[in-house]
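Source file query06.pdb; content: PDB, C-alpha atoms and all ligand atoms.
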```pdb
ATOM      1  CA  MET A  21       1.081  35.840 128.711
ATOM      2  CA  LEU A  22      -1.467  33.005 128.524
ATOM      3  CA  ASP A  23      -5.100  33.215 129.505
ATOM      4  CA  GLU A  24      -5.847  30.618 132.222
ATOM      5  CA  GLY A  25      -7.658  27.595 130.827
ATOM      6  CA  SER A  26      -6.972  28.668 127.267
ATOM      7  CA  ASP A  27      -4.076  28.355 124.845
ATOM      8  CA  GLN A  28      -4.905  31.791 123.407
ATOM      9  CA  PRO A  29      -2.561  34.584 124.472
ATOM     10  CA  LYS A  30      -4.339  37.150 126.638
ATOM     11  CA  PRO A  31      -3.797  40.499 124.934
ATOM     12  CA  SER A  32      -2.431  43.336 127.041
ATOM     13  CA  TYR A  33      -4.442  45.887 125.054
ATOM     14  CA  LYS A  34      -8.124  46.031 124.126
ATOM     15  CA  ARG A  35      -7.951  48.626 121.358
ATOM     16  CA  VAL A  36      -4.886  49.732 119.421
ATOM     17  CA  LEU A  37      -3.985  51.642 116.288
ATOM     18  CA  LEU A  38      -1.464  50.146 113.871
ATOM     19  CA  LYS A  39       0.420  52.737 111.810
ATOM     20  CA  ILE A  40       2.444  51.589 108.837
ATOM     21  CA  SER A  41       4.105  53.628 106.140
ATOM     22  CA  GLY A  42       3.026  53.288 102.542
ATOM     23  CA  GLU A  43       6.519  52.001 101.805
ATOM     24  CA  ALA A  44       5.822  48.950 103.967
ATOM     25  CA  LEU A  45       3.414  47.792 101.243
ATOM     26  CA  MET A  46       5.769  48.054  98.286
ATOM     27  CA  GLY A  47       8.003  45.052  99.087
ATOM     28  CA  ASP A  48      11.300  45.253  97.218
ATOM     29  CA  GLN A  49       9.757  47.007  94.229
ATOM     30  CA  GLY A  50      10.679  50.600  95.080
ATOM     31  CA  TYR A  51       7.219  51.930  94.183
ATOM     32  CA  GLY A  52       3.522  51.135  94.513
ATOM     33  CA  LEU A  53       1.828  48.085  95.941
ATOM     34  CA  HIS A  54       3.237  44.559  96.167
ATOM     35  CA  PRO A  55       0.181  42.330  96.718
ATOM     36  CA  PRO A  56       2.025  39.453  98.497
ATOM     37  CA  THR A  57       3.453  42.004 100.968
ATOM     38  CA  VAL A  58       0.010  43.511 101.574
ATOM     39  CA  GLU A  59      -1.293  39.986 102.209
ATOM     40  CA  ARG A  60       1.513  39.176 104.626
ATOM     41  CA  ILE A  61       0.757  42.277 106.690
ATOM     42  CA  ALA A  62      -2.980  41.555 106.533
ATOM     43  CA  ALA A  63      -2.263  38.105 107.988
ATOM     44  CA  GLU A  64      -0.347  39.749 110.870
ATOM     45  CA  VAL A  65      -3.329  42.007 111.528
ATOM     46  CA  LYS A  66      -5.726  39.063 111.414
ATOM     47  CA  SER A  67      -3.641  37.160 113.972
ATOM     48  CA  VAL A  68      -4.108  40.054 116.418
ATOM     49  CA  HIS A  69      -7.778  40.449 115.533
ATOM     50  CA  ASP A  70      -8.206  36.712 116.283
ATOM     51  CA  ILE A  71      -7.212  37.229 119.938
ATOM     52  CA  GLY A  72      -9.953  39.825 120.368
ATOM     53  CA  VAL A  73      -8.066  43.103 120.034
ATOM     54  CA  GLU A  74      -9.990  45.965 118.390
ATOM     55  CA  ILE A  75      -7.824  47.331 115.590
ATOM     56  CA  CYS A  76      -7.627  50.707 113.888
ATOM     57  CA  MET A  77      -5.155  51.167 111.045
ATOM     58  CA  VAL A  78      -3.564  54.156 109.357
ATOM     59  CA  ILE A  79      -1.453  53.512 106.263
ATOM     60  CA  GLY A  80       0.765  56.198 104.747
ATOM     61  CA  GLY A  81       1.040  57.004 101.076
ATOM     62  CA  GLY A  82       4.782  57.375 100.537
ATOM     63  CA  ASN A  83       4.857  54.361  98.177
ATOM     64  CA  ILE A  84       2.667  56.353  95.778
ATOM     65  CA  PHE A  85       3.134  60.090  96.311
ATOM     66  CA  ARG A  86       4.521  62.488  98.897
ATOM     67  CA  GLY A  87       3.442  66.111  98.904
ATOM     68  CA  LEU A  88       6.929  67.397  99.691
ATOM     69  CA  GLN A  89       8.373  65.596  96.676
ATOM     70  CA  GLY A  90       5.722  67.083  94.418
ATOM     71  CA  SER A  91       6.305  70.595  95.721
ATOM     72  CA  ALA A  92      10.074  70.190  95.337
ATOM     73  CA  GLN A  93       9.379  69.538  91.648
ATOM     74  CA  GLY A  94       7.421  72.767  91.325
ATOM     75  CA  MET A  95       3.918  71.566  92.096
ATOM     76  CA  GLU A  96       1.747  73.669  94.357
ATOM     77  CA  ARG A  97       2.188  72.221  97.863
ATOM     78  CA  THR A  98      -1.486  71.941  98.776
ATOM     79  CA  THR A  99      -2.338  70.124  95.544
ATOM     80  CA  ALA A 100       0.617  67.812  96.040
ATOM     81  CA  ASP A 101      -0.532  67.034  99.583
ATOM     82  CA  TYR A 102      -4.036  66.192  98.374
ATOM     83  CA  MET A 103      -2.444  63.801  95.883
ATOM     84  CA  GLY A 104      -0.553  62.216  98.779
ATOM     85  CA  MET A 105      -3.791  61.830 100.725
ATOM     86  CA  LEU A 106      -5.449  60.152  97.724
ATOM     87  CA  GLY A 107      -2.527  57.697  97.633
ATOM     88  CA  THR A 108      -3.354  56.634 101.188
ATOM     89  CA  VAL A 109      -6.897  55.777 100.076
ATOM     90  CA  MET A 110      -5.520  53.359  97.467
ATOM     91  CA  ASN A 111      -3.357  51.698 100.104
ATOM     92  CA  ALA A 112      -6.314  51.453 102.491
ATOM     93  CA  LEU A 113      -8.452  49.788  99.806
ATOM     94  CA  ALA A 114      -5.663  47.291  99.054
ATOM     95  CA  MET A 115      -5.423  46.412 102.750
ATOM     96  CA  GLN A 116      -9.212  46.105 102.993
ATOM     97  CA  SER A 117      -9.237  43.693 100.085
ATOM     98  CA  SER A 118      -6.528  41.491 101.637
ATOM     99  CA  LEU A 119      -8.125  41.492 105.095
ATOM    100  CA  GLU A 120     -11.546  40.612 103.723
ATOM    101  CA  ARG A 121     -10.049  37.755 101.711
ATOM    102  CA  LEU A 122      -8.849  36.426 105.064
ATOM    103  CA  GLY A 123     -12.366  36.733 106.493
ATOM    104  CA  VAL A 124     -11.809  39.889 108.574
ATOM    105  CA  PHE A 125     -14.580  42.474 108.259
ATOM    106  CA  THR A 126     -13.286  45.990 107.686
ATOM    107  CA  ARG A 127     -14.333  49.534 106.907
ATOM    108  CA  VAL A 128     -12.252  52.077 105.032
ATOM    109  CA  ILE A 129     -13.056  55.468 106.528
ATOM    110  CA  SER A 130     -11.836  58.546 104.707
ATOM    111  CA  ALA A 131     -11.155  62.009 106.086
ATOM    112  CA  ILE A 132     -12.093  63.309 102.607
ATOM    113  CA  PRO A 133     -15.616  62.185 101.708
ATOM    114  CA  MET A 134     -15.775  59.939  98.653
ATOM    115  CA  ASP A 135     -18.993  58.052  99.235
ATOM    116  CA  GLN A 136     -18.821  55.723  96.256
ATOM    117  CA  VAL A 137     -15.472  54.404  97.444
ATOM    118  CA  CYS A 138     -15.580  54.302 101.238
ATOM    119  CA  GLU A 139     -17.267  55.738 104.326
ATOM    120  CA  PRO A 140     -16.802  59.328 105.458
ATOM    121  CA  TYR A 141     -15.236  59.778 108.880
ATOM    122  CA  ILE A 142     -17.890  59.959 111.591
ATOM    123  CA  ARG A 143     -16.333  59.258 114.973
ATOM    124  CA  ARG A 144     -19.279  57.586 116.673
ATOM    125  CA  ARG A 145     -19.884  55.349 113.684
ATOM    126  CA  ALA A 146     -16.227  54.310 113.632
ATOM    127  CA  VAL A 147     -16.370  53.432 117.347
ATOM    128  CA  ARG A 148     -19.413  51.255 116.660
ATOM    129  CA  HIS A 149     -17.516  49.416 113.908
ATOM    130  CA  LEU A 150     -14.731  48.644 116.357
ATOM    131  CA  GLU A 151     -17.222  47.350 118.914
ATOM    132  CA  LYS A 152     -18.570  45.038 116.218
ATOM    133  CA  ALA A 153     -15.036  43.686 115.656
ATOM    134  CA  ARG A 154     -14.521  45.397 112.309
ATOM    135  CA  VAL A 155     -11.039  46.672 111.532
ATOM    136  CA  CYS A 156     -11.248  50.416 110.812
ATOM    137  CA  ILE A 157      -8.742  51.593 108.199
ATOM    138  CA  PHE A 158      -8.545  55.374 108.372
ATOM    139  CA  ALA A 159      -7.638  56.866 104.998
ATOM    140  CA  ALA A 160      -6.803  60.299 103.534
ATOM    141  CA  GLY A 161      -4.740  61.298 106.568
ATOM    142  CA  THR A 162      -6.229  64.156 108.566
ATOM    143  CA  GLY A 163      -7.874  65.541 105.412
ATOM    144  CA  ASN A 164      -5.604  68.597 105.639
ATOM    145  CA  PRO A 165      -2.472  69.509 103.725
ATOM    146  CA  TYR A 166       0.776  70.165 105.636
ATOM    147  CA  PHE A 167       0.166  67.151 107.868
ATOM    148  CA  THR A 168       1.419  63.575 107.708
ATOM    149  CA  THR A 169      -0.175  60.218 108.303
ATOM    150  CA  ASP A 170       1.818  59.942 111.562
ATOM    151  CA  THR A 171      -0.186  62.890 112.848
ATOM    152  CA  ALA A 172      -3.369  61.372 111.406
ATOM    153  CA  ALA A 173      -2.582  58.140 113.281
ATOM    154  CA  THR A 174      -2.100  59.991 116.569
ATOM    155  CA  LEU A 175      -5.262  62.024 116.033
ATOM    156  CA  ARG A 176      -7.418  58.969 115.249
ATOM    157  CA  ALA A 177      -5.869  56.920 118.066
ATOM    158  CA  ASN A 178      -6.858  59.659 120.506
ATOM    159  CA  GLU A 179     -10.335  60.025 119.057
ATOM    160  CA  MET A 180     -10.926  56.263 119.116
ATOM    161  CA  ALA A 181      -9.570  55.987 122.684
ATOM    162  CA  CYS A 182      -6.865  53.522 121.634
ATOM    163  CA  GLU A 183      -4.509  52.464 124.403
ATOM    164  CA  ALA A 184      -1.430  52.736 122.185
ATOM    165  CA  ILE A 185      -0.158  53.350 118.687
ATOM    166  CA  PHE A 186       1.819  50.451 117.228
ATOM    167  CA  LYS A 187       4.230  51.812 114.682
ATOM    168  CA  GLY A 188       5.401  48.962 112.456
ATOM    169  CA  THR A 189       8.806  49.649 110.888
ATOM    170  CA  LYS A 190      11.707  47.783 109.312
ATOM    171  CA  VAL A 191      13.595  47.640 112.618
ATOM    172  CA  ASP A 192      12.664  46.404 116.083
ATOM    173  CA  GLY A 193      12.537  49.739 117.875
ATOM    174  CA  VAL A 194      14.040  53.190 118.228
ATOM    175  CA  TYR A 195      17.849  53.445 118.001
ATOM    176  CA  ASP A 196      20.230  56.258 118.914
ATOM    177  CA  LYS A 197      21.350  56.265 115.250
ATOM    178  CA  ASP A 198      20.297  54.483 112.082
ATOM    179  CA  PRO A 199      20.916  50.749 112.728
ATOM    180  CA  MET A 200      20.964  50.096 108.964
ATOM    181  CA  GLU A 201      24.044  52.310 108.662
ATOM    182  CA  HIS A 202      25.780  51.970 112.049
ATOM    183  CA  ASP A 203      26.725  48.597 113.584
ATOM    184  CA  ASP A 204      27.127  50.194 117.018
ATOM    185  CA  ALA A 205      23.604  51.705 117.077
ATOM    186  CA  VAL A 206      21.893  51.088 120.431
ATOM    187  CA  ARG A 207      18.181  50.328 120.778
ATOM    188  CA  TYR A 208      16.151  51.976 123.538
ATOM    189  CA  ASP A 209      13.743  49.776 125.528
ATOM    190  CA  THR A 210      11.913  52.921 126.572
ATOM    191  CA  VAL A 211      12.363  56.527 125.608
ATOM    192  CA  SER A 212      10.466  59.686 126.515
ATOM    193  CA  TYR A 213       8.542  61.855 124.067
ATOM    194  CA  ASN A 214      10.776  64.784 124.913
ATOM    195  CA  ASP A 215      13.949  62.777 124.209
ATOM    196  CA  CYS A 216      12.507  61.784 120.831
ATOM    197  CA  LEU A 217      11.977  65.461 120.077
ATOM    198  CA  SER A 218      15.225  66.874 121.494
ATOM    199  CA  LYS A 219      17.438  64.093 120.029
ATOM    200  CA  ASN A 220      15.464  64.104 116.782
ATOM    201  CA  LEU A 221      15.027  60.314 116.969
ATOM    202  CA  LYS A 222      13.285  58.871 113.938
ATOM    203  CA  VAL A 223      10.008  57.730 115.507
ATOM    204  CA  MET A 224       7.354  59.979 114.034
ATOM    205  CA  ASP A 225       7.333  63.601 112.984
ATOM    206  CA  ALA A 226       7.408  66.235 115.710
ATOM    207  CA  SER A 227       3.702  67.195 115.504
ATOM    208  CA  ALA A 228       2.685  63.555 115.952
ATOM    209  CA  ILE A 229       5.005  63.043 118.934
ATOM    210  CA  ALA A 230       3.807  66.246 120.604
ATOM    211  CA  LEU A 231       0.166  65.219 120.114
ATOM    212  CA  ALA A 232       0.887  61.785 121.614
ATOM    213  CA  ARG A 233       2.790  63.366 124.522
ATOM    214  CA  ASP A 234       0.061  65.877 125.311
ATOM    215  CA  ASN A 235      -2.482  63.055 125.502
ATOM    216  CA  ASN A 236      -0.287  60.409 127.195
ATOM    217  CA  LEU A 237      -0.660  58.035 124.289
ATOM    218  CA  PRO A 238       2.166  55.452 124.250
ATOM    219  CA  ILE A 239       3.877  54.657 120.944
ATOM    220  CA  ILE A 240       5.221  51.127 120.522
ATOM    221  CA  VAL A 241       7.822  50.884 117.765
ATOM    222  CA  PHE A 242       8.371  47.335 116.485
ATOM    223  CA  SER A 243       9.464  45.398 113.409
ATOM    224  CA  LEU A 244       6.769  44.522 110.942
ATOM    225  CA  ASP A 245       9.244  42.211 109.188
ATOM    226  CA  GLU A 246       9.324  39.845 112.177
ATOM    227  CA  PRO A 247       6.682  37.137 111.544
ATOM    228  CA  GLY A 248       4.227  37.064 114.464
ATOM    229  CA  GLY A 249       5.850  40.167 115.953
ATOM    230  CA  PHE A 250       2.690  42.275 116.232
ATOM    231  CA  ARG A 251       0.759  39.530 118.003
ATOM    232  CA  GLY A 252       3.771  38.658 120.163
ATOM    233  CA  ILE A 253       4.015  42.166 121.569
ATOM    234  CA  LEU A 254       0.305  42.221 122.360
ATOM    235  CA  ALA A 255       0.871  38.984 124.275
ATOM    236  CA  GLY A 256       3.694  40.628 126.259
ATOM    237  CA  GLU A 257       6.642  39.204 124.290
ATOM    238  CA  GLY A 258       9.188  40.363 121.730
ATOM    239  CA  THR A 259      11.526  43.284 121.216
ATOM    240  CA  TYR A 260      10.286  46.828 120.819
ATOM    241  CA  THR A 261      10.690  50.378 122.094
ATOM    242  CA  ARG A 262       7.994  52.028 124.143
ATOM    243  CA  VAL A 263       7.757  55.801 123.818
ATOM    244  CA  SER A 264       5.930  57.360 126.738
ATOM    245  CA  GLY A 265       6.063  60.263 129.159
ATOM    246  CA  PRO A 266       7.276  62.857 129.755
TER     247      PRO A 266
HETATM  248  N1  LIG B   1      -0.807  64.014 103.704
HETATM  249  C1  LIG B   1      -1.380  65.248 103.991
HETATM  250  N2  LIG B   1      -2.142  65.376 105.122
HETATM  251  C2  LIG B   1      -2.313  64.355 105.999
HETATM  252  C3  LIG B   1      -1.693  63.122 105.722
HETATM  253  C4  LIG B   1      -0.948  62.978 104.564
HETATM  254  O1  LIG B   1      -1.249  66.204 103.230
HETATM  255  O2  LIG B   1      -3.025  64.532 107.011
HETATM  256  C5  LIG B   1      -0.069  63.844 102.428
HETATM  257  C6  LIG B   1       1.340  64.403 102.449
HETATM  258  O3  LIG B   1       1.600  64.963 101.194
HETATM  259  C7  LIG B   1       2.180  63.156 102.632
HETATM  260  C8  LIG B   1       1.387  62.123 101.863
HETATM  261  O4  LIG B   1       0.024  62.471 102.107
HETATM  262  O5  LIG B   1       3.463  63.309 102.084
HETATM  263  C9  LIG B   1       1.628  60.688 102.268
HETATM  264  O6  LIG B   1       1.605  60.563 103.666
HETATM  265  P1  LIG B   1       2.916  60.197 104.521
HETATM  266  O7  LIG B   1       4.097  60.931 103.957
HETATM  267  O8  LIG B   1       2.597  60.413 105.950
HETATM  268  O9  LIG B   1       3.065  58.643 104.216
HETATM  269  P2  LIG B   1       4.134  57.586 104.768
HETATM  270  O10 LIG B   1       5.481  58.263 104.862
HETATM  271  O11 LIG B   1       3.680  57.134 106.123
HETATM  272  O12 LIG B   1       4.092  56.467 103.762
END
```

Could you rewrite the structure in this file as structure tokens?
Ligand code: UDP
Amino acid sequence: MLDEGSDQPKPSYKRVLLKISGEALMGDQGYGLHPPTVERIAAEVKSVHDIGVEICMVIGGGNIFRGLQGSAQGMERTTADYMGMLGTVMNALAMQSSLERLGVFTRVISAIPMDQVCEPYIRRRAVRHLEKARVCIFAAGTGNPYFTTDTAATLRANEMACEAIFKGTKVDGVYDKDPMEHDDAVRYDTVSYNDCLSKNLKVMDASAIALARDNNLPIIVFSLDEPGGFRGILAGEGTYTRVSGP
């Protein structure tokens, strides 16, 4: 969709939240951060920022530590979850660094206060950052154990009045079965929240989907590996699945 009199695509959304897993930042390494991959994703975010969309981000921590893994190895679950949340702060700082190298102003905003490192979460202040065209990277999940960053993303998207959550994944939408393992997997163009829950489709965890459903917040699942894909969808193009009501 092109804006009349301009060659800039006219975005279909004013404010969105991009959720990516920590694993999206590790490239082919199998663990941790892969700086060229972080930079590639930062460039995708910048291309959307350049067309005037206000952007919130939530990045998971699975490339560093997952609470469930820690507890399976005998660690106390709550401690393990706090370690997972700290991992998300590292990822957020890496993304901040890459975005700022590209000239995009950002704030890392943590649900667990750590003032020397980043800002504490104060909703009204975060909204003001968005209005000033700063990308807000929300770190440390919800600040509570037993949650995931998918739920944190849905919570922050609601609080920030985002029009949708963009969930960047390795595939271009939601399939009836894993498309990496099954050649006959079929992609949904649209799917309801309740179908995601009842068919256990791999979109987000159940708490996150229920929170999105109860607040009518659409979830757009798309491929982060497709160059220009994020911007394309905001301009009304590309392949993706839209999760919405009921
Ligand atoms: N976590 C948590 N509370 C939250 C968000 C995250 O305890 O609100 C912990 C949890 O241990 C989780 C880890 O942080 O396993 C990393 O988050 P997540 O698994 O959502 O990351 P992703 O799979 O998206 O990389």

Is it possible to get the axis-aligned box enclosing ligand LIG 1 (chain B) (all listed atoms, 4 Å extra per side) as lines of an AutoDock Vina configuration file, with centre and edge lengths in Å rounded to one decimal?
```
center_x = 1.2
center_y = 61.3
center_z = 104.1
size_x = 16.5
size_y = 17.7
size_z = 13.8
```

Return as an mmCIF file with C-alpha atoms, in the frame of the given file the set of residues that the PyMOL selection byres (((chain A and resi 64) around 12) and not hetatm) yields on the displayed structure.
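The result, stored in selection.cif:
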```
data_model
loop_
_atom_site.group_PDB
_atom_site.id
_atom_site.type_symbol
_atom_site.label_atom_id
_atom_site.label_comp_id
_atom_site.auth_asym_id
_atom_site.auth_seq_id
_atom_site.Cartn_x
_atom_site.Cartn_y
_atom_site.Cartn_z
ATOM 1 C CA LEU A 38 -1.464 50.146 113.871
ATOM 2 C CA THR A 57 3.453 42.004 100.968
ATOM 3 C CA VAL A 58 0.010 43.511 101.574
ATOM 4 C CA GLU A 59 -1.293 39.986 102.209
ATOM 5 C CA ARG A 60 1.513 39.176 104.626
ATOM 6 C CA ILE A 61 0.757 42.277 106.690
ATOM 7 C CA ALA A 62 -2.980 41.555 106.533
ATOM 8 C CA ALA A 63 -2.263 38.105 107.988
ATOM 9 C CA VAL A 65 -3.329 42.007 111.528
ATOM 10 C CA LYS A 66 -5.726 39.063 111.414
ATOM 11 C CA SER A 67 -3.641 37.160 113.972
ATOM 12 C CA VAL A 68 -4.108 40.054 116.418
ATOM 13 C CA HIS A 69 -7.778 40.449 115.533
ATOM 14 C CA ASP A 70 -8.206 36.712 116.283
ATOM 15 C CA ILE A 71 -7.212 37.229 119.938
ATOM 16 C CA ILE A 75 -7.824 47.331 115.590
ATOM 17 C CA MET A 115 -5.423 46.412 102.750
ATOM 18 C CA SER A 118 -6.528 41.491 101.637
ATOM 19 C CA LEU A 119 -8.125 41.492 105.095
ATOM 20 C CA LEU A 122 -8.849 36.426 105.064
ATOM 21 C CA VAL A 124 -11.809 39.889 108.574
ATOM 22 C CA GLY A 188 5.401 48.962 112.456
ATOM 23 C CA SER A 243 9.464 45.398 113.409
ATOM 24 C CA LEU A 244 6.769 44.522 110.942
ATOM 25 C CA ASP A 245 9.244 42.211 109.188
ATOM 26 C CA GLU A 246 9.324 39.845 112.177
ATOM 27 C CA PRO A 247 6.682 37.137 111.544
ATOM 28 C CA GLY A 248 4.227 37.064 114.464
ATOM 29 C CA GLY A 249 5.850 40.167 115.953
ATOM 30 C CA PHE A 250 2.690 42.275 116.232
ATOM 31 C CA ARG A 251 0.759 39.530 118.003
ATOM 32 C CA GLY A 252 3.771 38.658 120.163
ATOM 33 C CA ILE A 253 4.015 42.166 121.569
ATOM 34 C CA LEU A 254 0.305 42.221 122.360
#
```

Ligand LIG 1 (chain B): which residues are within 9 Å, counting all atoms listed in the file, as an MDAnalysis selection string?
-> chainID A and resid 39:44 78:90 97:108 131 159:173

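Once the PyMOL selection byres (((chain A and resi 140) around 6) and not hetatm) is applied to the depicted file, the selected set reads Ile129, Ser130, Pro133, Glu139 and Tyr141 of chain A.
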
Separation of atom CA of Lys222 of chain A from atom CA of Met200 of chain A, in Å and rounded to one decimal | 12.7 Å

Point (9.3, 66.1, 123.3), cut-off 6 Å, counting all atoms listed in the file, residues as a list in words | Tyr213, Asn214, Asp215, Cys216 and Leu217 of chain A

Tell me, in Å to one decimal, how far atom CA of Tyr51 of chain A is from atom CA of Met110 of chain A.
-> 13.2 Å

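Counting all atoms listed in the file and comparing A:Ile239, A:Ala255, A:Met46, A:Val211, the residue that lies closest to Lys34 of chain A is A:Ala255.
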